[in-house]
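Engineer: Okay, so here is run_26.cif, and as you'll see once you scroll down, it has mmCIF, C-alpha atoms.
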```cif
data_model
#
loop_
_atom_site.label_atom_id
_atom_site.label_comp_id
_atom_site.auth_asym_id
_atom_site.auth_seq_id
_atom_site.Cartn_x
_atom_site.Cartn_y
_atom_site.Cartn_z
CA MET A 1 117.94 264.77 72.95
CA ASP A 2 119.75 263.45 76.00
CA THR A 3 122.05 260.51 76.53
CA ARG A 4 119.43 258.52 78.43
CA GLN A 5 117.10 258.56 75.41
CA LEU A 6 119.91 257.20 73.27
CA GLU A 7 120.58 254.48 75.85
CA TYR A 8 116.90 253.50 75.70
CA PHE A 9 117.08 253.39 71.90
CA VAL A 10 120.20 251.21 71.83
CA ALA A 11 118.91 248.83 74.49
CA VAL A 12 115.56 248.29 72.74
CA ALA A 13 117.32 247.91 69.38
CA GLU A 14 119.60 245.21 70.78
CA GLU A 15 116.97 243.35 72.75
CA LEU A 16 114.06 243.97 70.35
CA ASN A 17 111.90 243.82 73.44
CA PHE A 18 110.87 246.77 75.63
CA THR A 19 110.52 244.66 78.77
CA LYS A 20 114.01 243.16 78.43
CA ALA A 21 115.50 246.55 77.59
CA ALA A 22 113.92 248.11 80.69
CA ARG A 23 115.20 245.28 82.87
CA ARG A 24 118.70 245.66 81.42
CA LEU A 25 118.64 249.42 82.16
CA PHE A 26 117.08 249.03 85.62
CA ALA A 27 114.23 251.23 84.43
CA VAL A 28 110.44 251.03 84.31
CA GLN A 29 109.10 249.89 80.93
CA SER A 30 106.78 252.88 80.66
CA THR A 31 109.76 255.20 81.12
CA VAL A 32 111.67 253.46 78.33
CA SER A 33 108.63 253.64 76.02
CA ALA A 34 108.11 257.32 76.77
CA GLY A 35 111.78 258.03 76.16
CA ILE A 36 111.69 256.29 72.77
CA GLN A 37 108.54 258.17 71.77
CA SER A 38 110.13 261.48 72.75
CA LEU A 39 113.24 260.66 70.72
CA GLU A 40 111.13 259.69 67.69
CA ARG A 41 109.25 263.01 67.89
CA GLU A 42 112.51 264.93 68.07
CA LEU A 43 113.99 263.02 65.11
CA GLY A 44 110.77 263.21 63.12
CA ALA A 45 110.77 259.51 62.24
CA PRO A 46 109.73 256.21 63.86
CA LEU A 47 112.64 254.10 65.05
CA PHE A 48 110.71 250.87 65.64
CA GLU A 49 107.89 248.88 64.11
CA ARG A 50 105.75 247.68 67.01
CA SER A 51 103.19 244.91 67.08
CA THR A 52 101.69 242.69 69.76
CA LYS A 53 104.18 239.94 68.82
CA GLN A 54 107.42 241.64 67.93
CA VAL A 55 109.53 244.79 67.76
CA SER A 56 111.77 245.55 64.80
CA LEU A 57 113.89 248.45 63.62
CA THR A 58 112.61 250.73 60.88
CA PRO A 59 115.03 251.88 58.16
CA ALA A 60 115.47 255.09 60.17
CA GLY A 61 116.24 253.09 63.29
CA THR A 62 118.76 250.92 61.46
CA ALA A 63 120.50 254.01 60.09
CA GLY A 64 120.57 255.77 63.46
CA LEU A 65 121.67 252.87 65.66
CA PRO A 66 125.45 253.00 65.00
CA GLU A 67 125.44 256.76 65.46
CA ALA A 68 123.56 256.42 68.76
CA ARG A 69 126.13 253.91 69.99
CA ALA A 70 128.96 256.25 68.93
CA ALA A 71 127.32 259.19 70.71
CA ILE A 72 126.96 257.25 73.97
CA GLU A 73 130.57 256.11 73.79
CA ALA A 74 131.72 259.69 73.10
CA VAL A 75 129.88 260.99 76.17
CA ASP A 76 131.39 258.20 78.29
CA ARG A 77 134.87 259.14 77.03
CA VAL A 78 134.31 262.78 77.98
CA HIS A 79 133.31 261.82 81.53
CA THR A 80 136.24 259.44 81.82
CA ALA A 81 138.80 261.91 80.45
CA VAL A 82 137.72 264.65 82.85
CA ALA A 83 137.56 262.30 85.84
CA GLN A 84 141.03 260.93 85.13
CA THR A 85 142.59 264.38 85.48
CA THR A 86 141.44 264.64 89.08
CA GLU A 87 140.60 261.18 90.37
CA GLY A 88 142.27 258.58 88.16
CA LEU A 89 140.52 256.02 85.99
CA ARG A 90 136.93 255.38 86.99
CA GLY A 91 133.67 254.05 85.58
CA ARG A 92 132.25 250.62 84.83
CA LEU A 93 133.94 247.68 83.11
CA ARG A 94 131.68 244.86 81.89
CA VAL A 95 133.62 241.72 80.96
CA GLY A 96 132.19 238.57 79.41
CA THR A 97 133.73 235.26 80.32
CA PHE A 98 132.96 231.56 80.48
CA THR A 99 133.21 229.02 83.26
CA ASN A 100 136.39 227.30 84.32
CA ILE A 101 139.03 229.51 82.75
CA GLU A 102 141.71 228.57 85.27
CA PHE A 103 144.60 229.39 82.94
CA VAL A 104 143.85 233.09 83.31
CA ASP A 105 143.19 233.05 87.11
CA LEU A 106 140.50 235.70 86.94
CA PRO A 107 140.46 236.45 90.69
CA ALA A 108 144.17 237.30 90.61
CA VAL A 109 143.85 239.37 87.43
CA PHE A 110 140.97 241.46 88.72
CA SER A 111 142.49 241.80 92.16
CA GLU A 112 145.50 243.43 90.53
CA PHE A 113 143.25 245.51 88.29
CA HIS A 114 141.33 246.76 91.35
CA ARG A 115 144.59 247.62 93.11
CA ARG A 116 145.62 249.78 90.14
CA HIS A 117 142.19 251.24 89.39
CA PRO A 118 140.07 251.14 92.56
CA LEU A 119 137.41 253.50 91.15
CA VAL A 120 136.46 251.16 88.28
CA ASP A 121 133.53 248.86 89.01
CA VAL A 122 134.02 245.46 87.37
CA GLN A 123 131.10 243.27 86.33
CA LEU A 124 131.70 239.72 85.08
CA GLY A 125 129.07 237.78 83.17
CA ALA A 126 128.75 234.66 81.03
CA SER A 127 126.73 233.81 77.93
CA PRO A 128 124.71 230.59 77.68
CA SER A 129 125.84 230.29 74.05
CA GLY A 130 129.55 230.43 74.85
CA SER A 131 132.04 232.37 72.77
CA THR A 132 129.53 232.98 69.98
CA GLY A 133 127.21 234.72 72.43
CA LEU A 134 130.06 236.63 74.03
CA ALA A 135 131.23 237.96 70.66
CA ASP A 136 127.69 239.14 69.95
CA ASP A 137 127.53 240.76 73.40
CA VAL A 138 130.67 242.78 72.64
CA ARG A 139 129.45 243.66 69.15
CA ARG A 140 126.11 244.91 70.49
CA GLY A 141 127.61 246.72 73.48
CA ARG A 142 126.11 244.50 76.16
CA VAL A 143 129.64 244.02 77.53
CA ASP A 144 132.79 246.06 76.96
CA ALA A 145 135.14 243.14 76.37
CA ALA A 146 135.23 239.36 76.64
CA PHE A 147 137.48 236.36 76.97
CA MET A 148 137.02 234.33 73.83
CA GLY A 149 137.58 230.85 72.40
CA LEU A 150 136.52 231.44 68.79
CA PRO A 151 139.05 230.90 65.97
CA LEU A 152 140.89 234.12 65.19
CA HIS A 153 139.51 234.44 61.66
CA ASP A 154 136.02 234.65 63.20
CA LEU A 155 136.97 237.81 65.08
CA ALA A 156 137.28 240.32 62.25
CA GLY A 157 136.15 243.75 63.35
CA PHE A 158 137.29 243.34 66.96
CA HIS A 159 140.41 244.44 68.79
CA VAL A 160 141.99 241.05 69.63
CA LEU A 161 144.67 240.14 72.17
CA THR A 162 145.79 236.50 71.90
CA LEU A 163 146.50 235.02 75.32
CA SER A 164 147.22 231.34 74.66
CA ARG A 165 147.08 228.54 72.10
CA SER A 166 146.43 224.92 72.95
CA ALA A 167 146.44 221.72 70.92
CA PHE A 168 143.48 219.38 71.18
CA VAL A 169 143.87 216.03 72.93
CA ALA A 170 141.58 213.01 73.19
CA VAL A 171 140.04 211.94 76.50
CA VAL A 172 138.68 208.39 76.84
CA PRO A 173 137.45 206.27 79.77
CA ALA A 174 140.22 204.34 81.53
CA GLU A 175 138.72 201.01 80.44
CA HIS A 176 138.30 202.08 76.80
CA ARG A 177 140.06 200.01 74.13
CA PHE A 178 142.12 203.09 73.15
CA ALA A 179 143.23 203.84 76.72
CA GLY A 180 146.64 202.18 76.35
CA ARG A 181 147.44 203.79 73.00
CA GLU A 182 150.24 206.33 72.53
CA SER A 183 148.03 208.29 70.13
CA VAL A 184 144.66 208.14 68.42
CA SER A 185 143.16 209.77 65.34
CA LEU A 186 139.94 211.70 64.93
CA GLY A 187 138.83 209.08 62.44
CA GLU A 188 139.13 206.33 65.03
CA LEU A 189 137.10 208.34 67.53
CA ALA A 190 134.40 209.52 65.12
CA GLY A 191 132.16 206.47 65.57
CA GLU A 192 132.05 206.74 69.38
CA ARG A 193 129.53 208.56 71.55
CA TRP A 194 130.89 212.02 72.35
CA VAL A 195 130.88 214.44 75.26
CA ASP A 196 131.33 218.09 74.29
CA ALA A 197 130.42 221.70 75.00
CA PRO A 198 127.14 223.03 73.57
CA GLU A 199 126.98 224.44 70.05
CA GLY A 200 128.34 227.98 69.85
CA PHE A 201 131.28 227.32 72.17
CA GLY A 202 134.64 228.15 70.59
CA ASN A 203 136.30 224.80 71.25
CA ARG A 204 133.40 222.94 69.64
CA ILE A 205 133.42 225.22 66.59
CA ALA A 206 137.16 224.67 66.05
CA LEU A 207 136.84 220.90 66.53
CA GLU A 208 133.84 220.53 64.22
CA ARG A 209 135.64 222.44 61.49
CA GLY A 210 138.54 220.02 61.87
CA LEU A 211 136.16 217.08 61.62
CA ALA A 212 134.46 218.58 58.58
CA ALA A 213 137.82 219.15 56.89
CA ALA A 214 138.56 215.45 57.39
CA ARG A 215 135.04 214.57 56.17
CA LEU A 216 134.17 213.00 59.49
CA THR A 217 130.86 213.04 61.36
CA ARG A 218 130.06 212.19 64.97
CA VAL A 219 127.19 212.04 67.47
CA VAL A 220 127.36 214.20 70.62
CA THR A 221 125.22 212.53 73.29
CA THR A 222 126.26 214.59 76.35
CA GLU A 223 126.82 218.35 76.55
CA THR A 224 128.18 220.49 79.39
CA ALA A 225 128.96 224.21 79.40
CA ASP A 226 131.81 223.68 81.88
CA LEU A 227 134.77 222.53 79.76
CA GLY A 228 136.73 221.51 82.84
CA GLU A 229 134.01 218.99 83.71
CA ILE A 230 134.16 217.15 80.38
CA PRO A 231 136.86 214.65 81.55
CA ARG A 232 134.64 213.73 84.51
CA PHE A 233 131.74 212.95 82.20
CA VAL A 234 134.10 210.84 80.10
CA ALA A 235 135.31 209.01 83.23
CA ALA A 236 131.67 208.23 84.02
CA GLY A 237 131.46 206.30 80.76
CA LEU A 238 129.26 208.76 78.86
CA GLY A 239 131.51 208.94 75.82
CA VAL A 240 134.85 210.15 74.51
CA ALA A 241 135.95 213.76 74.05
CA VAL A 242 138.49 215.93 72.29
CA VAL A 243 139.32 219.07 74.26
CA PRO A 244 142.01 221.76 74.42
CA ALA A 245 144.95 220.34 76.37
CA ILE A 246 144.77 223.09 78.99
CA TYR A 247 141.31 221.80 79.94
CA SER A 248 142.40 218.19 80.21
CA ARG A 249 143.17 217.97 83.91
CA PRO A 250 144.12 214.62 85.51
CA THR A 251 140.86 212.82 86.25
CA PRO A 252 140.46 209.41 87.91
CA GLY A 253 138.82 207.06 85.44
CA ALA A 254 139.83 209.03 82.33
CA VAL A 255 142.94 208.89 80.15
CA THR A 256 144.35 211.67 77.95
CA ILE A 257 145.86 210.65 74.60
CA PRO A 258 147.62 212.82 71.99
CA LEU A 259 145.91 213.08 68.61
CA THR A 260 147.76 211.87 65.53
CA ALA A 261 148.10 214.18 62.55
CA GLN A 262 145.77 216.72 64.12
CA LYS A 263 146.11 220.22 62.72
CA ILE A 264 143.55 222.01 64.84
CA ASP A 265 144.12 224.05 67.94
CA TRP A 266 142.18 226.28 70.31
CA THR A 267 142.99 229.94 70.85
CA LEU A 268 142.15 231.83 74.01
CA SER A 269 141.89 235.55 73.32
CA PHE A 270 140.49 238.75 74.77
CA ILE A 271 138.39 240.95 72.51
CA SER A 272 136.85 244.41 72.60
CA ARG A 273 135.37 246.78 70.08
CA PRO A 274 137.88 248.41 67.68
CA THR A 275 138.47 251.47 69.90
CA PRO A 276 138.79 250.22 73.51
CA SER A 277 137.53 252.43 76.31
CA PRO A 278 140.12 253.63 78.87
CA ALA A 279 139.04 250.91 81.32
CA VAL A 280 139.31 248.20 78.65
CA ALA A 281 142.69 249.59 77.58
CA ALA A 282 143.90 249.36 81.18
CA LEU A 283 142.79 245.73 81.41
CA LEU A 284 144.45 244.98 78.07
CA GLU A 285 147.69 246.43 79.42
CA LEU A 286 147.50 244.17 82.47
CA LEU A 287 146.73 241.06 80.38
CA GLU A 288 149.62 241.84 78.04
CA GLU A 289 151.97 242.05 81.03
CA ARG A 290 150.84 238.67 82.32
CA PHE A 291 150.28 236.57 79.24
CA VAL A 292 151.91 237.98 76.10
CA GLU A 293 155.48 236.89 75.40
CA ARG A 294 157.79 239.70 74.39
#
```
Give the structure from the file, written as C-alpha cells.

Structural biologist:
Amino acid sequence: MDTRQLEYFVAVAEELNFTKAARRLFAVQSTVSAGIQSLERELGAPLFERSTKQVSLTPAGTAGLPEARAAIEAVDRVHTAVAQTTEGLRGRLRVGTFTNIEFVDLPAVFSEFHRRHPLVDVQLGASPSGSTGLADDVRRGRVDAAFMGLPLHDLAGFHVLTLSRSAFVAVVPAEHRFAGRESVSLGELAGERWVDAPEGFGNRIALERGLAAARLTRVVTTETADLGEIPRFVAAGLGVAVVPAIYSRPTPGAVTIPLTAQKIDWTLSFISRPTPSPAVAALLELLEERFVER
C-alpha cells in the first residue's frame, strides 16, 4: 500500500462522502474510489459500507482508521526530519481559527512565524460551528491545530496551550434601564431578549453552563458568528448580551456593565493533537513566547 491510498481512506472516513473527500484532496472522485478499492483488496476486507444514500465504516474500517492516521503522520515526520537537516523546517501548517481574534493579532504572529520558517506553508480556516467544530477538525486531522474558546475540561485528549482568560461582562443598549447600573446579575438579564454567538461557540457554551448552574433560562433572538460585532447588535436595540471582556470594545449606543457574583470566564487556548508535528511545535514555541507568562 502507499501513503496516498491511506490518505484517501482517512479522508473518506472523516467525510463519509466520496465527493467531499475527493474535493478535500484535490483529486477526482473516481481516483479516490479506485484507491479505496485497491486498498480493500490488499487488506482483504471492506473498509466501507456503501449505499446510494450513505457511506459508513465497517468494523474493519473502524479498527484500521487510527492506524492509517498514525502511518500518515509517521511518513510526514520522516519527510520533515530529513528536510530539516538540509533545508530547515518545511511543510504545511493548517490552523483553525475564528473571526475577530484581535487579542492574538494573527497577522503579526504568522508574519513572525514566516520569518523564522519561510519554507512552511500556512493555511488558516474557520469552522461554521465555532470552537466545537474546530476541536472536531483537529481530532479528525482536518487541521493540525486550532485557536479555541471551549472550556478547558472539554479539551481532554489534546495538547493545550492556554493563552488568555477573560471574565464575562454584560452589554446593554445605552437607553436600557440597566445602563446606569454599576453591576447587573445574570438573573436580572435572563428575561431579556439576547444577542449571542451560534450554538457550538466556546463563549456560548461557557455562558450557558453558567446559566444552567444558576437555574436560569433565556431566549436568544439574534445570533452572529463574529463575537466582536455583538456589541453593535446590542447598540441597535436587538437585545442584551454577555460576552468575554476582551470582546467588549467601546461601541456607540452600547454600555458595558460588570456582572455581579459571576463565576464564569472564557479561556482562549491553542490546541493540537497529543504529539504536535514539528511545524505545530514551532508555532507553539512562538505563542508561548508572546502570550504565556513565565

Engineer: Give as an MDAnalysis selection string every residue, naming chains and numbers as the document does, that has an atom within 9 Å of (139.5, 211.7, 76.6), counting only C-alpha atoms.

Structural biologist: chainID A and resid 169:174 179 230:231 234:235 239:243 248 254:257

Engineer: Translate the PyMOL selection byres ((chain A and resi 50) around 12) into a concrete residue list for this structure, as a list in words.

Structural biologist: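 Residues picked by the PyMOL selection byres ((chain A and resi 50) around 12): Val12, Ala13, Leu16, Asn17, Phe18, Ser33, Ile36, Gln37, Pro46, Leu47, Phe48, Glu49, Ser51, Thr52, Lys53, Gln54, Val55, Ser56, Leu57 and Thr58 of chain A.
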
Engineer: Counting all atoms listed in the file, which of A:Ala167, A:Val95, A:Val219, A:Leu43 gets nearest to Leu134 of chain A?

Structural biologist: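 The closest residue to Leu134 of chain A is A:Val95.
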
Engineer: Check the smallest atom-to-atom distance from each of A:Ala197, A:Leu287, A:Pro258, A:Pro151 to Gly180 of chain A using all atoms listed in the file, then report the winner.

Structural biologist: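 Result for the nearest residue to Gly180 of chain A: A:Pro258.
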
Engineer: Measuring between all atoms listed in the file, which one of A:Leu39, A:Leu152, A:Ala68, A:Leu93 shows the shortest distance to Ala281 of chain A?

Structural biologist: A:Leu93

Engineer: Could you check which of A:Ala71, A:Ala212, A:Val122, A:Ile205 is closest to Met1 of chain A, using all atoms listed in the file?

Structural biologist: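 Closest candidate: A:Ala71.
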
Engineer: Quick one: of A:Ser38, A:Thr3, A:His153, A:Gly237, who's nearest to Ala74 of chain A, counting all atoms listed in the file?

Structural biologist: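 Between A:Ser38, A:Thr3, A:His153, A:Gly237, the residue approaching Ala74 of chain A most closely is A:Thr3.
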
Engineer: What does the distance from atom CA of Trp266 of chain A to atom CA of Ala213 of chain A come to in Å, to one decimal?

Structural biologist: 15.8 Å

Engineer: Counting only C-alpha atoms, which of A:Glu42, A:Glu7, A:Asp121, A:Asp105 gets nearest to Ala70 of chain A?

Structural biologist: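 Of A:Glu42, A:Glu7, A:Asp121, A:Asp105, the one nearest Ala70 of chain A is A:Glu7, counting only C-alpha atoms.
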
Engineer: Run the PyMOL selection byres ((chain A and resi 204) around 10) mentally over the shown coordinates, then write out the matched residues as a list of chain:residue names, using the chain letters and numbers from the document.

Structural biologist: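 Answer for the PyMOL selection byres ((chain A and resi 204) around 10): A:Gly130, A:Gly149, A:Leu150, A:Asp196, A:Ala197, A:Pro198, A:Glu199, A:Gly200, A:Phe201, A:Gly202, A:Asn203, A:Ile205, A:Ala206, A:Leu207, A:Glu208, A:Arg209, A:Gly210, A:Val242, A:Val243, A:Pro244, A:Trp266.
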
Engineer: Got time to write the residues from that selection, C-alpha atoms, as a PDB file, in the frame of the given file?

Structural biologist:
```pdb
ATOM      1  CA  GLY A 130     129.550 230.430  74.850  1.00  0.00           C
ATOM      2  CA  GLY A 149     137.580 230.850  72.400  1.00  0.00           C
ATOM      3  CA  LEU A 150     136.520 231.440  68.790  1.00  0.00           C
ATOM      4  CA  ASP A 196     131.330 218.090  74.290  1.00  0.00           C
ATOM      5  CA  ALA A 197     130.420 221.700  75.000  1.00  0.00           C
ATOM      6  CA  PRO A 198     127.140 223.030  73.570  1.00  0.00           C
ATOM      7  CA  GLU A 199     126.980 224.440  70.050  1.00  0.00           C
ATOM      8  CA  GLY A 200     128.340 227.980  69.850  1.00  0.00           C
ATOM      9  CA  PHE A 201     131.280 227.320  72.170  1.00  0.00           C
ATOM     10  CA  GLY A 202     134.640 228.150  70.590  1.00  0.00           C
ATOM     11  CA  ASN A 203     136.300 224.800  71.250  1.00  0.00           C
ATOM     12  CA  ILE A 205     133.420 225.220  66.590  1.00  0.00           C
ATOM     13  CA  ALA A 206     137.160 224.670  66.050  1.00  0.00           C
ATOM     14  CA  LEU A 207     136.840 220.900  66.530  1.00  0.00           C
ATOM     15  CA  GLU A 208     133.840 220.530  64.220  1.00  0.00           C
ATOM     16  CA  ARG A 209     135.640 222.440  61.490  1.00  0.00           C
ATOM     17  CA  GLY A 210     138.540 220.020  61.870  1.00  0.00           C
ATOM     18  CA  VAL A 242     138.490 215.930  72.290  1.00  0.00           C
ATOM     19  CA  VAL A 243     139.320 219.070  74.260  1.00  0.00           C
ATOM     20  CA  PRO A 244     142.010 221.760  74.420  1.00  0.00           C
ATOM     21  CA  TRP A 266     142.180 226.280  70.310  1.00  0.00           C
TER      22      TRP A 266
END
```

Engineer: Box time for segment 199-209 of chain A: axis-aligned, enclosing all its listed atoms, 6 Å extra on each side; report centre and edge lengths in Å to one decimal, as lines of an AutoDock Vina configuration file.

Structural biologist:
```
center_x = 132.1
center_y = 224.3
center_z = 66.8
size_x = 22.2
size_y = 19.6
size_z = 22.7
```

Engineer: Within 10 Å of Val104 of chain A, counting all atoms listed in the file, which residues show up once you throw out same-chain ones fewer than 3 positions away? Write them as a ChimeraX atom specification, please.

Structural biologist: /A:100-101,107-109,147,163-164,268,287,290-291

Engineer: Quick one: pull the distance between atom CA of Phe9 of chain A and atom CA of Val138 of chain A, Å, one decimal.

Structural biologist: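 Between these atoms lies a distance of 17.3 Å.
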
Engineer: Find the distance between atom CA of Val195 of chain A and atom CA of Phe168 of chain A and write it in Å to one decimal.

Structural biologist: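 About the pair atom CA of Val195 of chain A and atom CA of Phe168 of chain A: they are 14.1 Å apart.
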
Engineer: Please provide the set of residues having any atom within 9 Å of Val184 of chain A, restricted to all atoms listed in the file, with same-chain residues fewer than 3 positions apart removed, written as an mmCIF file with C-alpha atoms, keeping the file's coordinate frame.

Structural biologist:
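So the final result, stored in part.cif, reads:
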```
data_model
loop_
_atom_site.group_PDB
_atom_site.id
_atom_site.type_symbol
_atom_site.label_atom_id
_atom_site.label_comp_id
_atom_site.auth_asym_id
_atom_site.auth_seq_id
_atom_site.Cartn_x
_atom_site.Cartn_y
_atom_site.Cartn_z
ATOM 1 C CA ALA A 170 141.580 213.010 73.190
ATOM 2 C CA PHE A 178 142.120 203.090 73.150
ATOM 3 C CA ARG A 181 147.440 203.790 73.000
ATOM 4 C CA GLY A 187 138.830 209.080 62.440
ATOM 5 C CA GLU A 188 139.130 206.330 65.030
ATOM 6 C CA LEU A 189 137.100 208.340 67.530
ATOM 7 C CA ILE A 257 145.860 210.650 74.600
ATOM 8 C CA PRO A 258 147.620 212.820 71.990
ATOM 9 C CA LEU A 259 145.910 213.080 68.610
ATOM 10 C CA THR A 260 147.760 211.870 65.530
#
```

Engineer: Please write the residues picked by the PyMOL selection byres ((chain A and resi 277) around 12) on this file as number ranges by chain.

Structural biologist: A: 70, 72-81, 89-94, 141, 143-145, 159, 272-276, 278-284

Engineer: Around the point (146.8, 226.0, 66.5) (coordinates from the file), which residues reach within 8 Å if we count all atoms listed in the file? Answer as a VMD selection string.

Structural biologist: chain A and resid 165 to 167 263 to 267

Engineer: Do a neighbour search on Thr31 of chain A at 12 Å with only C-alpha atoms, toss out local chain neighbours closer than 2 positions, and write the hits as a PDB file with C-alpha atoms, keeping the file's coordinate frame.

Structural biologist:
```pdb
ATOM      1  CA  ARG A   4     119.430 258.520  78.430  1.00  0.00           C
ATOM      2  CA  GLN A   5     117.100 258.560  75.410  1.00  0.00           C
ATOM      3  CA  TYR A   8     116.900 253.500  75.700  1.00  0.00           C
ATOM      4  CA  PHE A   9     117.080 253.390  71.900  1.00  0.00           C
ATOM      5  CA  PHE A  18     110.870 246.770  75.630  1.00  0.00           C
ATOM      6  CA  THR A  19     110.520 244.660  78.770  1.00  0.00           C
ATOM      7  CA  ALA A  21     115.500 246.550  77.590  1.00  0.00           C
ATOM      8  CA  ALA A  22     113.920 248.110  80.690  1.00  0.00           C
ATOM      9  CA  ARG A  23     115.200 245.280  82.870  1.00  0.00           C
ATOM     10  CA  LEU A  25     118.640 249.420  82.160  1.00  0.00           C
ATOM     11  CA  PHE A  26     117.080 249.030  85.620  1.00  0.00           C
ATOM     12  CA  ALA A  27     114.230 251.230  84.430  1.00  0.00           C
ATOM     13  CA  VAL A  28     110.440 251.030  84.310  1.00  0.00           C
ATOM     14  CA  GLN A  29     109.100 249.890  80.930  1.00  0.00           C
ATOM     15  CA  SER A  33     108.630 253.640  76.020  1.00  0.00           C
ATOM     16  CA  ALA A  34     108.110 257.320  76.770  1.00  0.00           C
ATOM     17  CA  GLY A  35     111.780 258.030  76.160  1.00  0.00           C
ATOM     18  CA  ILE A  36     111.690 256.290  72.770  1.00  0.00           C
ATOM     19  CA  GLN A  37     108.540 258.170  71.770  1.00  0.00           C
ATOM     20  CA  SER A  38     110.130 261.480  72.750  1.00  0.00           C
TER      21      SER A  38
END
```
